[in-house]
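Visitor: File upload.txt below, compact mmCIF, C-alpha atoms:
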# COMPACT_ATOMS: atom_id res chain seq x y z
CA MET A 1 -27.36 -199.18 26.85
CA ALA A 2 -30.64 -199.25 28.79
CA ALA A 3 -33.72 -198.87 26.62
CA LEU A 4 -35.51 -195.55 26.96
CA SER A 5 -39.14 -195.72 28.04
CA SER A 6 -41.91 -193.37 26.91
CA GLY A 7 -41.69 -191.66 30.31
CA ASP A 8 -37.92 -191.16 29.98
CA LEU A 9 -38.31 -189.57 26.55
CA LEU A 10 -41.10 -187.27 27.72
CA ARG A 11 -39.18 -186.21 30.84
CA ARG A 12 -36.09 -185.36 28.82
CA ALA A 13 -38.03 -183.50 26.14
CA LEU A 14 -40.09 -181.54 28.67
CA GLY A 15 -36.91 -180.83 30.62
CA TRP A 16 -35.42 -179.15 27.57
CA SER A 17 -38.56 -177.16 26.75
CA LEU A 18 -39.37 -176.02 30.29
CA GLY A 19 -35.80 -175.81 31.58
CA HIS A 20 -34.67 -173.75 28.61
CA ALA A 21 -37.78 -171.64 28.15
CA ARG A 22 -35.86 -168.43 27.42
CA ALA A 23 -33.84 -170.15 24.68
CA LEU A 24 -37.02 -171.61 23.24
CA ALA A 25 -38.69 -168.19 23.21
CA TRP A 26 -35.64 -166.65 21.50
CA LEU A 27 -35.49 -169.38 18.86
CA ALA A 28 -39.23 -169.53 18.20
CA ALA A 29 -40.06 -165.80 18.24
CA PRO A 30 -38.92 -164.96 14.66
CA ALA A 31 -40.78 -167.95 13.20
CA VAL A 32 -43.91 -167.09 15.19
CA ALA A 33 -43.71 -163.47 14.02
CA PHE A 34 -43.25 -164.66 10.41
CA ALA A 35 -46.31 -166.90 10.61
CA LEU A 36 -48.35 -164.29 12.45
CA ILE A 37 -47.73 -161.61 9.82
CA PHE A 38 -48.53 -163.86 6.88
CA ARG A 39 -51.58 -165.51 8.47
CA PHE A 40 -52.99 -162.14 9.50
CA ALA A 41 -52.48 -160.85 5.96
CA ILE A 42 -54.22 -163.93 4.54
CA GLU A 43 -57.10 -163.51 6.98
CA TRP A 44 -57.42 -159.82 6.12
CA LEU A 45 -57.38 -160.46 2.36
CA TRP A 46 -59.52 -163.60 2.12
CA GLY A 47 -61.15 -164.06 5.51
CA ASP A 48 -64.72 -163.71 4.22
CA GLU A 49 -64.18 -166.27 1.44
CA VAL A 50 -62.64 -168.78 3.86
CA THR A 51 -65.48 -168.32 6.36
CA ALA A 52 -68.04 -168.85 3.60
CA MET A 53 -66.30 -172.06 2.55
CA PHE A 54 -66.38 -173.52 6.03
CA VAL A 55 -70.03 -172.71 6.69
CA GLY A 56 -71.12 -174.79 3.75
CA GLN A 57 -71.24 -172.36 0.85
CA GLU A 58 -69.54 -173.25 -2.42
CA PRO A 59 -65.80 -172.56 -2.08
CA SER A 60 -64.04 -170.12 -4.35
CA GLY A 61 -60.56 -170.29 -5.81
CA ALA A 62 -59.48 -167.46 -3.53
CA ALA A 63 -60.61 -169.38 -0.43
CA ALA A 64 -58.77 -172.53 -1.53
CA LEU A 65 -55.63 -170.47 -2.21
CA ALA A 66 -55.89 -168.80 1.19
CA VAL A 67 -56.20 -172.13 3.03
CA MET A 68 -53.26 -173.59 1.10
CA LEU A 69 -51.06 -170.55 1.78
CA SER A 70 -51.97 -170.59 5.47
CA MET A 71 -51.03 -174.28 5.72
CA LEU A 72 -47.71 -173.70 3.93
CA VAL A 73 -46.86 -170.78 6.21
CA LEU A 74 -47.59 -172.91 9.28
CA LEU A 75 -45.57 -175.83 7.87
CA PHE A 76 -42.55 -173.61 7.23
CA ALA A 77 -42.83 -171.98 10.66
CA ILE A 78 -42.89 -175.42 12.29
CA ALA A 79 -39.82 -176.45 10.29
CA LEU A 80 -37.97 -173.28 11.34
CA ILE A 81 -38.72 -173.88 15.03
CA ALA A 82 -37.95 -177.60 14.89
CA VAL A 83 -34.63 -177.22 13.05
CA SER A 84 -33.41 -174.48 15.39
CA TRP A 85 -34.49 -176.54 18.43
CA HIS A 86 -32.78 -179.71 17.17
CA ARG A 87 -29.57 -177.74 16.68
CA TYR A 88 -29.87 -176.23 20.15
CA VAL A 89 -30.51 -179.56 21.89
CA LEU A 90 -27.88 -181.54 19.97
CA ARG A 91 -25.22 -178.89 19.35
CA GLY A 92 -25.93 -176.02 21.70
CA GLU A 93 -26.43 -173.61 18.78
CA LEU A 94 -28.61 -170.60 19.51
CA ALA A 95 -29.48 -169.54 15.96
CA PRO A 96 -33.10 -168.49 15.31
CA PHE A 97 -34.81 -168.55 11.90
CA PRO A 98 -32.51 -171.04 10.11
CA ALA A 99 -33.78 -170.29 6.58
CA ASP A 100 -31.34 -172.62 4.80
CA GLY A 101 -31.38 -175.71 2.64
CA ALA A 102 -31.64 -178.04 5.63
CA THR A 103 -34.84 -176.36 6.75
CA PHE A 104 -36.32 -176.74 3.25
CA ARG A 105 -35.41 -180.45 3.21
CA PHE A 106 -36.82 -180.76 6.74
CA ALA A 107 -40.13 -179.28 5.59
CA LEU A 108 -40.29 -181.65 2.59
CA TYR A 109 -39.59 -184.63 4.85
CA GLN A 110 -42.36 -183.48 7.17
CA ILE A 111 -44.73 -183.49 4.20
CA TRP A 112 -43.62 -187.01 3.28
CA LEU A 113 -44.17 -188.24 6.84
CA GLY A 114 -47.54 -186.47 6.86
CA ILE A 115 -48.61 -188.28 3.69
CA LEU A 116 -47.49 -191.59 5.19
CA GLY A 117 -49.45 -190.70 8.32
CA MET A 118 -52.60 -190.01 6.30
CA VAL A 119 -52.27 -193.36 4.50
CA THR A 120 -51.71 -195.12 7.83
CA ALA A 121 -54.72 -193.41 9.39
CA VAL A 122 -57.03 -194.28 6.48
CA ALA A 123 -55.83 -197.91 6.42
CA GLY A 124 -56.17 -198.19 10.19
CA MET A 125 -59.67 -196.70 10.20
CA PHE A 126 -60.69 -199.08 7.40
CA VAL A 127 -59.44 -202.12 9.30
CA LEU A 128 -61.07 -200.98 12.54
CA SER A 129 -64.35 -200.32 10.69
CA LEU A 130 -64.29 -203.88 9.35
CA LEU A 131 -63.64 -205.28 12.83
CA PHE A 132 -66.40 -203.15 14.37
CA GLY A 133 -68.71 -204.19 11.54
CA LEU A 134 -68.17 -207.87 12.34
CA ILE A 135 -69.45 -207.32 15.86
CA GLY A 136 -72.24 -204.95 14.83
CA GLY A 137 -70.45 -201.81 15.99
CA PRO A 138 -70.40 -198.33 14.43
CA SER A 139 -68.64 -197.51 11.17
CA LEU A 140 -65.55 -195.46 11.94
CA LEU A 141 -65.23 -194.34 8.32
CA GLN A 142 -68.77 -192.94 8.45
CA ALA A 143 -67.92 -191.23 11.73
CA VAL A 144 -64.90 -189.62 10.08
CA ALA A 145 -67.03 -188.55 7.11
CA ASP A 146 -69.42 -186.61 9.37
CA GLY A 147 -66.59 -185.35 11.58
CA GLY A 148 -67.69 -187.43 14.57
CA ALA A 149 -70.69 -185.16 14.94
CA SER A 150 -73.07 -188.06 15.46
CA GLY A 151 -71.36 -188.78 18.77
CA GLY A 152 -71.30 -185.16 19.94
CA MET A 153 -68.18 -183.62 21.45
CA LEU A 154 -67.04 -187.00 22.77
CA GLY A 155 -67.30 -188.43 19.28
CA VAL A 156 -65.28 -185.58 17.79
CA LEU A 157 -62.56 -185.98 20.43
CA THR A 158 -62.46 -189.76 20.03
CA ILE A 159 -62.16 -189.65 16.25
CA SER A 160 -59.56 -186.85 16.41
CA GLY A 161 -57.54 -188.78 18.98
CA LEU A 162 -57.69 -192.00 16.97
CA ILE A 163 -56.57 -190.26 13.79
CA THR A 164 -53.71 -188.61 15.72
CA VAL A 165 -52.56 -191.97 17.07
CA LEU A 166 -52.63 -193.69 13.67
CA SER A 167 -51.00 -190.82 11.77
CA THR A 168 -48.07 -190.76 14.23
CA VAL A 169 -47.02 -194.35 13.48
CA PRO A 170 -44.56 -193.46 10.64
CA PHE A 171 -42.53 -191.34 13.08
CA ALA A 172 -41.76 -194.51 15.07
CA PHE A 173 -40.04 -195.86 11.94
CA TYR A 174 -38.56 -192.87 10.12
CA GLY A 175 -38.64 -190.00 12.64
CA LEU A 176 -34.89 -190.02 13.35
CA VAL A 177 -34.25 -188.61 9.89
CA LEU A 178 -35.63 -185.25 11.08
CA PRO A 179 -32.90 -184.43 13.64
CA GLY A 180 -30.39 -185.88 11.17
CA ILE A 181 -31.48 -183.39 8.50
CA ALA A 182 -31.40 -180.54 11.01
CA ILE A 183 -27.75 -181.08 11.94
CA GLY A 184 -26.52 -182.19 8.51
CA ASP A 185 -26.28 -185.96 9.01
CA ARG A 186 -26.88 -187.05 5.40
CA GLY A 187 -25.94 -190.63 6.21
CA LEU A 188 -29.10 -191.16 8.25
CA THR A 189 -31.63 -192.50 5.74
CA ALA A 190 -35.18 -193.68 6.32
CA ALA A 191 -33.96 -197.29 6.27
CA GLU A 192 -31.26 -196.48 8.83
CA SER A 193 -33.80 -194.74 11.06
CA SER A 194 -36.05 -197.80 10.91
CA ARG A 195 -33.11 -200.02 11.88
CA LEU A 196 -32.12 -197.84 14.83
CA LEU A 197 -35.67 -197.66 16.15
CA ARG A 198 -36.30 -201.40 15.85
CA GLY A 199 -37.37 -202.75 19.24
CA ARG A 200 -38.10 -199.25 20.54
CA ARG A 201 -41.11 -198.34 18.40
CA LEU A 202 -43.74 -198.73 21.13
CA ALA A 203 -41.81 -196.49 23.53
CA VAL A 204 -41.29 -193.87 20.80
CA LEU A 205 -44.89 -194.05 19.66
CA GLY A 206 -46.14 -193.83 23.25
CA ALA A 207 -44.08 -190.70 23.99
CA LEU A 208 -45.10 -188.94 20.77
CA ILE A 209 -48.79 -189.81 21.15
CA ILE A 210 -48.94 -188.71 24.80
CA ALA A 211 -47.30 -185.40 23.85
CA LEU A 212 -49.62 -184.80 20.87
CA LEU A 213 -52.81 -185.73 22.70
CA GLY A 214 -51.78 -183.69 25.71
CA PHE A 215 -51.25 -180.57 23.62
CA PHE A 216 -54.46 -181.33 21.69
CA LEU A 217 -56.44 -181.19 24.94
CA VAL A 218 -54.60 -178.05 26.08
CA ALA A 219 -55.41 -176.38 22.74
CA ILE A 220 -59.10 -177.23 23.14
CA GLY A 221 -59.12 -175.81 26.66
CA LEU A 222 -57.36 -172.61 25.60
CA GLY A 223 -59.76 -172.22 22.70
CA LEU A 224 -62.76 -172.48 25.00
CA VAL A 225 -61.26 -169.95 27.42
CA LEU A 226 -60.45 -167.46 24.63
CA ASP A 227 -63.92 -167.84 23.13
CA ALA A 228 -65.41 -167.07 26.53
CA ILE A 229 -63.34 -163.98 27.33
CA LEU A 230 -62.71 -162.40 23.93
CA PRO A 231 -65.48 -160.45 22.19
CA ASP A 232 -66.84 -161.38 18.78
CA GLU A 233 -65.17 -159.48 15.99
CA PRO A 234 -66.19 -159.09 12.35
CA GLY A 235 -63.24 -159.77 10.05
CA ALA A 236 -59.57 -159.68 10.97
CA GLY A 237 -58.60 -157.52 13.93
CA LEU A 238 -57.08 -157.54 17.40
CA VAL A 239 -59.04 -160.61 18.54
CA THR A 240 -57.83 -162.60 15.53
CA LEU A 241 -54.29 -161.47 16.24
CA VAL A 242 -54.46 -162.55 19.88
CA MET A 243 -55.94 -165.95 19.05
CA ASP A 244 -53.33 -166.59 16.36
CA LEU A 245 -50.54 -165.52 18.71
CA VAL A 246 -51.70 -167.88 21.48
CA SER A 247 -52.14 -170.71 18.98
CA LEU A 248 -48.68 -170.23 17.48
CA ALA A 249 -47.02 -169.93 20.89
CA LEU A 250 -48.60 -173.23 21.96
CA THR A 251 -47.53 -174.77 18.65
CA ALA A 252 -43.94 -173.67 19.31
CA VAL A 253 -43.91 -175.44 22.68
CA GLU A 254 -45.51 -178.55 21.15
CA VAL A 255 -42.94 -178.60 18.34
CA SER A 256 -40.12 -178.28 20.87
CA VAL A 257 -41.38 -181.28 22.88
CA PHE A 258 -41.92 -183.38 19.76
CA ALA A 259 -38.48 -182.42 18.43
CA GLY A 260 -36.95 -182.97 21.86
CA ILE A 261 -38.17 -186.58 21.90
CA LEU A 262 -36.62 -187.26 18.49
CA ALA A 263 -33.42 -185.40 19.40
CA GLU A 264 -32.95 -187.48 22.56
CA LEU A 265 -33.43 -190.64 20.52
CA TYR A 266 -30.87 -189.38 18.02
CA ARG A 267 -28.44 -188.65 20.86
CA ASP A 268 -28.79 -192.13 22.33
CA LEU A 269 -29.00 -194.18 19.13
CA ARG A 270 -27.16 -192.34 16.36
CA LEU A 271 -24.39 -190.34 18.04
CA PRO A 272 -22.66 -193.43 19.53
CA GLU A 273 -22.42 -194.88 16.00
CA LEU A 274 -20.97 -191.62 14.70
CA ALA A 275 -18.47 -191.61 17.56
CA ARG A 276 -17.32 -195.09 16.49
CA GLY A 277 -16.54 -193.68 13.06
CA SER A 278 -19.49 -194.99 11.02
CA GLY A 279 -20.41 -191.50 9.84
CA VAL A 280 -19.88 -187.82 10.57
CA PRO A 281 -22.55 -185.09 10.30
CA GLU A 282 -21.62 -182.22 8.03
Translate this structure into structure tokens?
Guide:
Amino acid sequence: MAALSSGDLLRRALGWSLGHARALAWLAAPAVAFALIFRFAIEWLWGDEVTAMFVGQEPSGAAALAVMLSMLVLLFAIALIAVSWHRYVLRGELAPFPADGATFRFALYQIWLGILGMVTAVAGMFVLSLLFGLIGGPSLLQAVADGGASGGMLGVLTISGLITVLSTVPFAFYGLVLPGIAIGDRGLTAAESSRLLRGRRLAVLGALIIALLGFFLVAIGLGLVLDAILPDEPGAGLVTLVMDLVSLALTAVEVSVFAGILAELYRDLRLPELARGSGVPE
């Protein structure tokens, strides 16, 4: 079997997302509506406290709770979209809002990969800071601490991009478990995923990073456009609703591309083994 390149994976994933846009909209709409309702309610209830926390005032318990709830809602919405998209790409199932045990396990595995990504990013930034320090360069850890502000917008984008790259590394080892969970393949463990992806990690990492950074830049551009055309609004209202809707719609497309890359890898690497009788998804 010919090895898939980063370009092949991206073309296939984008082909699914763009070529099946109506299916994607149908599958993602309930999860987007779920997240939109809950995030709007959180913003309406605790918006002032959250704003105060982010402008430097001492945070309150209500603000911390609001941020945590908003993150959990987004995490669950992403899991709902990703699981339904994996099932569509790999099985042809058109079943939106799959609120079942597999989706819960999928969300937990996302958290685990996210923690691994954070550890990888911190370790990578530490090593790079040491290397830069040896040649008299800037401290990357200090740049992260001040949010890259010392380098202006370019500094913020550079630090954000570097953290994105480093935090994606675990997916090049254990990412195949995600489509496995979505379609009920309990035999695909983290160790098995690492074995299947051996020798293909750079291609996988390249495809995932290009997709993430591409959507990161698109999100920045959309944010600037919306800030320019939408009026300022005190508290939660129509403007907040529109911005959240655009953000969640873009997130749905991003999730579909990311999931599409992993699903195509699963199709090429795992399904042939299942066909030879080494395991059968539930």
Visitor: Rank A:Ile37, A:Leu166, A:Ala107, A:Leu176 by their smallest atom-to-atom distance to Arg267 of chain A, using only C-alpha atoms, and report the top residue only.
Guide: A:Leu176
Visitor: Identify, on the basis of all atoms listed in the file, every residue whose closest approach to Asp100 of chain A does not exceed 12 Å; exclude the query and any residue fewer than 6 positions from it along the same chain; express the result as a ChimeraX atom specification.
Guide: /A:76,79-80,83-84,106-107,181-184
Visitor: Please identify all polymer residues within 12 Å of Leu108 of chain A, counting only C-alpha atoms, omitting same-chain residues fewer than 6 positions from it, and present them as a short mmCIF file (atom, residue, chain, number, x, y, z; two decimals) with C-alpha atoms, in the coordinates of the input.
Guide:
data_model
loop_
_atom_site.label_atom_id
_atom_site.label_comp_id
_atom_site.auth_asym_id
_atom_site.auth_seq_id
_atom_site.Cartn_x
_atom_site.Cartn_y
_atom_site.Cartn_z
CA LEU A 72 -47.71 -173.70 3.93
CA LEU A 75 -45.57 -175.83 7.87
CA PHE A 76 -42.55 -173.61 7.23
CA ILE A 78 -42.89 -175.42 12.29
CA ALA A 79 -39.82 -176.45 10.29
CA GLY A 101 -31.38 -175.71 2.64
CA ALA A 102 -31.64 -178.04 5.63
CA GLY A 114 -47.54 -186.47 6.86
CA ILE A 115 -48.61 -188.28 3.69
CA VAL A 177 -34.25 -188.61 9.89
CA LEU A 178 -35.63 -185.25 11.08
CA ILE A 181 -31.48 -183.39 8.50
#
Visitor: Distance cut-off 12 Å, centre (-34.6, -177.1, 21.3) in file coordinates, counting only C-alpha atoms: which residues qualify? Return them as number ranges by chain.
Guide: A: 12-28, 80-96, 179, 182, 252-264
Visitor: Could you tell me how far atom CA of Val32 of chain A sits from atom CA of Ser247 of chain A, in Å to one decimal place?
Guide: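 Going from atom CA of Ser247 of chain A over to atom CA of Val32 of chain A covers 9.8 Å.
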Visitor: Looking at all atoms listed in the file, which of A:Phe97, A:Ile163, A:Leu205, A:Leu222 is the one that sits closest to Val122 of chain A?
Guide: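 So, comparing all the options, the nearest one is A:Ile163.
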Visitor: Name the residues, using the chain letters and numbers of the file, that sit within 10 Å of (-48.2, -191.0, 14.4) when counting all atoms listed in the file, and give them as a ChimeraX atom specification.
Guide: /A:113-114,116-118,120-121,162-173,175,204-206,208-209,212
Visitor: Which of these, A:Ala190, A:Thr51, A:Leu134, A:Ser160, has the shortest distance to Trp112 of chain A once you count only C-alpha atoms?
Guide: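 Nearest to Trp112 of chain A: A:Ala190.
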Visitor: List the spatial neighbours of Ala63 of chain A as a PyMOL selection string - criterion: any atom at most 7 Å away, all atoms listed in the file, same-chain residues fewer than 6 positions off excluded.
Guide: chain A and resi 46+49-50+53
Visitor: Just the number, please: distance in Å from atom CA of Ser193 of chain A to atom CA of Pro272 of chain A, one decimal.
Guide: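 Atom CA of Ser193 of chain A sits 14.1 Å away from atom CA of Pro272 of chain A.
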